[in-house]
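Q: File input-v5.cif follows (mmCIF, C-alpha atoms and all ligand atoms):
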```
data_coords
#
loop_
_atom_site.label_atom_id
_atom_site.label_comp_id
_atom_site.auth_asym_id
_atom_site.auth_seq_id
_atom_site.Cartn_x
_atom_site.Cartn_y
_atom_site.Cartn_z
CA MET A 112 0.00 0.00 0.00
CA SER A 113 2.75 2.41 0.93
CA GLN A 114 4.69 1.36 -2.16
CA LEU A 115 1.65 2.17 -4.27
CA ARG A 116 1.40 5.52 -2.57
CA ILE A 117 5.05 6.32 -3.33
CA PHE A 118 4.47 5.25 -6.92
CA ALA A 119 1.42 7.46 -7.07
CA LEU A 120 3.38 10.37 -5.64
CA ILE A 121 6.18 9.91 -8.13
CA THR A 122 3.65 9.77 -10.93
CA ILE A 123 1.96 12.95 -9.74
CA ALA A 124 5.33 14.60 -9.24
CA SER A 125 6.50 13.74 -12.73
CA VAL A 126 3.25 14.91 -14.29
CA ALA A 127 3.60 18.14 -12.34
CA LEU A 128 7.23 18.46 -13.47
CA LEU A 129 6.31 17.73 -17.06
CA GLY A 130 3.50 20.22 -16.88
CA CYS A 131 5.86 22.75 -15.41
CA SER A 132 8.53 22.28 -18.02
CA ALA A 133 5.93 22.35 -20.75
CA LYS A 134 4.63 25.62 -19.40
CA GLU A 135 8.17 26.94 -19.12
CA ASN A 136 8.77 26.02 -22.74
CA SER A 137 5.76 27.92 -23.97
CA GLU A 138 6.81 30.96 -21.91
CA LEU A 139 10.25 30.73 -23.42
CA THR A 140 8.71 30.63 -26.87
CA ALA A 141 6.69 33.74 -26.09
CA ALA A 142 9.84 35.42 -24.78
CA GLN A 143 11.71 34.34 -27.90
CA GLU A 144 8.95 35.69 -30.11
CA GLU A 145 9.22 39.00 -28.29
CA ALA A 146 12.97 38.97 -28.66
CA VAL A 147 12.65 38.25 -32.37
CA ALA A 148 10.09 41.04 -32.74
CA GLU A 149 12.51 43.40 -30.98
CA ARG A 150 15.35 42.29 -33.20
CA ILE A 151 13.25 42.82 -36.34
CA ALA A 152 12.09 46.30 -35.28
CA PRO A 153 15.47 48.07 -35.70
CA VAL A 154 15.88 46.39 -39.10
CA GLY A 155 12.53 47.87 -40.10
CA HIS A 156 13.82 51.29 -39.05
CA VAL A 157 17.00 50.84 -41.08
CA VAL A 158 14.97 49.91 -44.16
CA LYS A 159 12.78 52.98 -43.63
CA ALA A 160 15.87 55.17 -43.28
CA GLY A 161 17.25 53.64 -46.49
CA GLN A 162 14.02 54.44 -48.32
CA VAL A 163 14.21 58.05 -47.19
CA VAL A 164 17.81 58.23 -48.44
CA ALA A 165 16.70 56.75 -51.78
CA VAL A 166 13.91 59.30 -52.13
CA VAL A 167 16.28 62.16 -51.32
CA SER A 168 18.87 61.01 -53.82
CA ALA A 169 16.21 60.52 -56.51
CA GLY A 170 15.32 64.20 -56.22
CA GLY A 171 18.94 65.28 -55.90
CA ALA A 172 22.10 64.56 -57.83
CA GLY A 173 21.41 60.85 -58.29
CA ARG A 174 19.03 60.80 -61.27
CA SER A 175 19.86 57.92 -63.55
CA GLY A 176 20.49 58.17 -67.27
CA SER A 177 17.19 56.41 -67.83
CA ASP A 178 15.36 58.98 -65.63
CA ILE A 179 16.87 61.90 -67.54
CA TYR A 180 16.15 60.26 -70.87
CA GLY A 181 12.52 59.56 -69.96
CA THR A 182 11.92 63.13 -68.79
CA ASN A 183 13.98 65.22 -71.23
CA CYS A 184 15.17 63.32 -74.30
CA MET A 185 12.49 60.81 -75.17
CA ALA A 186 10.18 63.30 -76.93
CA CYS A 187 12.69 63.81 -79.74
CA HIS A 188 14.91 60.72 -79.60
CA THR A 189 12.10 58.15 -79.66
CA SER A 190 10.31 59.78 -82.61
CA GLY A 191 13.28 61.15 -84.55
CA ILE A 192 11.86 64.70 -84.63
CA ALA A 193 13.98 67.15 -86.67
CA GLY A 194 16.39 64.35 -87.58
CA ALA A 195 17.22 63.37 -83.99
CA PRO A 196 19.08 60.04 -84.01
CA MET A 197 16.64 57.55 -82.50
CA LEU A 198 17.14 55.33 -79.47
CA GLY A 199 17.65 51.82 -80.79
CA ASP A 200 18.98 52.97 -84.19
CA ALA A 201 22.44 51.43 -83.89
CA GLY A 202 23.54 52.65 -87.34
CA ALA A 203 22.68 56.30 -86.63
CA TRP A 204 24.65 56.26 -83.38
CA THR A 205 27.63 54.44 -84.90
CA ASP A 206 27.82 57.23 -87.51
CA ARG A 207 27.74 59.91 -84.80
CA LEU A 208 30.39 58.14 -82.72
CA THR A 209 32.91 58.34 -85.59
CA LYS A 210 33.66 61.91 -84.42
CA GLY A 211 34.56 60.57 -80.96
CA ILE A 212 32.36 60.09 -77.92
CA GLU A 213 33.74 63.21 -76.17
CA THR A 214 32.56 65.37 -79.09
CA VAL A 215 29.14 63.72 -79.01
CA TYR A 216 28.93 64.45 -75.26
CA THR A 217 30.00 68.09 -75.76
CA ASN A 218 27.56 68.62 -78.65
CA ALA A 219 24.68 67.37 -76.52
CA ILE A 220 25.73 69.57 -73.58
CA ASN A 221 26.20 72.71 -75.71
CA GLY A 222 23.59 71.94 -78.36
CA ILE A 223 24.04 71.37 -82.09
CA ASN A 224 21.60 72.21 -84.91
CA GLY A 225 18.16 70.90 -83.88
CA MET A 226 19.59 69.49 -80.64
CA PRO A 227 18.97 72.03 -77.88
CA ALA A 228 21.65 72.50 -75.21
CA ARG A 229 21.31 69.75 -72.59
CA GLY A 230 18.22 68.58 -74.46
CA THR A 231 16.41 71.41 -72.61
CA CYS A 232 17.24 69.86 -69.22
CA MET A 233 18.65 73.07 -67.79
CA ASP A 234 19.00 71.65 -64.27
CA CYS A 235 20.96 68.63 -65.55
CA SER A 236 24.63 68.49 -64.65
CA ASP A 237 27.10 67.54 -67.40
CA ASP A 238 27.34 64.09 -65.78
CA GLU A 239 23.58 63.65 -65.93
CA VAL A 240 23.45 64.56 -69.63
CA ILE A 241 26.33 62.13 -70.21
CA ALA A 242 24.50 59.42 -68.22
CA ALA A 243 21.44 59.96 -70.47
CA ILE A 244 23.64 59.65 -73.59
CA ASP A 245 25.21 56.47 -72.20
CA TYR A 246 21.71 55.14 -71.58
CA ILE A 247 20.76 55.90 -75.22
CA LEU A 248 23.97 54.28 -76.51
CA ASP A 249 23.54 51.20 -74.29
CA ASN A 250 20.07 50.72 -75.77
CA SER A 251 21.13 51.36 -79.37
CA LYS A 252 23.54 48.47 -79.94
C1 LIG B 301 13.83 69.12 -79.11
C2 LIG B 301 14.26 67.81 -79.52
C3 LIG B 301 15.41 67.18 -78.79
C4 LIG B 301 15.52 66.93 -77.45
C5 LIG B 301 14.53 67.26 -76.33
C6 LIG B 301 16.77 66.23 -77.25
N1 LIG B 301 17.41 66.08 -78.44
FE1 LIG B 301 19.23 65.28 -78.74
N2 LIG B 301 19.14 65.71 -80.70
C7 LIG B 301 18.06 66.31 -81.34
C8 LIG B 301 18.37 66.49 -82.75
C9 LIG B 301 17.45 67.10 -83.78
C10 LIG B 301 19.67 65.99 -82.93
C11 LIG B 301 20.47 65.95 -84.22
C12 LIG B 301 21.30 67.23 -84.26
C13 LIG B 301 22.17 67.27 -85.51
O1 LIG B 301 23.26 66.71 -85.45
O2 LIG B 301 21.72 67.83 -86.52
C14 LIG B 301 20.10 65.50 -81.63
C15 LIG B 301 21.35 64.94 -81.39
C16 LIG B 301 21.76 64.42 -80.20
C17 LIG B 301 23.02 63.78 -79.96
C18 LIG B 301 24.12 63.56 -81.00
C19 LIG B 301 25.09 64.69 -80.94
C20 LIG B 301 26.18 64.53 -81.96
O3 LIG B 301 27.28 65.03 -81.72
O4 LIG B 301 25.94 63.90 -82.99
C21 LIG B 301 23.03 63.37 -78.67
C22 LIG B 301 24.16 62.65 -77.96
C23 LIG B 301 21.81 63.80 -78.08
N3 LIG B 301 21.04 64.44 -79.03
C24 LIG B 301 21.46 63.57 -76.77
C25 LIG B 301 20.31 64.07 -76.19
C26 LIG B 301 20.03 63.92 -74.79
C27 LIG B 301 20.90 63.19 -73.81
C28 LIG B 301 18.84 64.54 -74.57
C29 LIG B 301 18.11 64.68 -73.26
C30 LIG B 301 18.86 65.21 -72.13
C31 LIG B 301 18.39 65.07 -75.84
N4 LIG B 301 19.31 64.76 -76.78
C32 LIG B 301 17.23 65.79 -76.01
C33 LIG B 301 16.88 66.69 -80.75
C34 LIG B 301 16.61 66.64 -79.41
#
```
Starting from the coordinates I provided, produce the structure as structure tokens.
Ligand code: HEC

A:
Amino acid sequence: MSQLRIFALITIASVALLGCSAKENSELTAAQEEAVAERIAPVGHVVKAGQVVAVVSAGGAGRSGSDIYGTNCMACHTSGIAGAPMLGDAGAWTDRLTKGIETVYTNAINGINGMPARGTCMDCSDDEVIAAIDYILDNSK
């Protein structure tokens, strides 16, 4: 009888222990989840900060050649208005490049014949005009 009682006690004790450790585990999981959430939060902030930086640079000096082309050059260089060499017309650009790429850059910056100075992008830096020309040339091979 007393042996049975001890057995019963051990059984109850182990169930209690198991229950305890199981409960502890779930608390740990909750704590881990919280810790993970905390670890993710700063990453979210960094991404947000990065997006702000990207927006600032898009409005500042970092406009890509494709941006400049789409805003300032496309009207003439996609349609060939006034004899503008067209984007994608490899032959037309090869002919123009025979005078040297530096001359082509300078002509676009200063204007030549029907090509207005900087393609009318008066707030474009030389580098931005050049980036737009490189974009045209890259897409005219
Ligand atoms: C109003 C129309 C117009 C716009 C806008 C325009 N272009 Fe042109 N572009 C021309 C014409 C026309 C020519 C051909 C000029 C010539 O050689 O007779 C030309 C020629 C060029 C050339 C060749 C220059 C050379 O030496 O042969 C480049 C490079 C060029 N444009 C780049 C650009 C870029 C970059 C932009 C935008 C920033 C732009 N153009 C915007 C009309 C335009």

Q: Between atom CA of Gly191 of chain A and atom CA of Gly173 of chain A, what is the distance in Å, rounded to a tenth?

A: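 Atom-to-atom, atom CA of Gly191 of chain A and atom CA of Gly173 of chain A are spaced 27.5 Å apart.
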
Q: Can you tell me how far atom CA of Cys232 of chain A sits from atom CA of Asp206 of chain A, in Å to one decimal?

A: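 Taking atom CA of Cys232 of chain A and atom CA of Asp206 of chain A, their separation equals 24.6 Å.
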
Q: Restricting the calculation to all atoms listed in the file, which member of A:Ile244, A:Ser190, A:Asn250, A:Glu144 is positioned closest to Arg207 of chain A?

A: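 The answer is A:Ile244, which sits nearest to Arg207 of chain A.
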
Q: Using only C-alpha atoms, which residue out of A:His188, A:Ala219, A:Arg174, A:Gln143 lies closest to Asp200 of chain A?

A: A:His188

Q: Which residues form the shell of 7 Å around ligand LIG 301 (chain B) when you count all atoms listed in the file, given as an NGL selection string?

A: :A and (179-180 or 183-188 or 192-196 or 207 or 214-216 or 218-219 or 223-227 or 229-232 or 240-241 or 243-244)
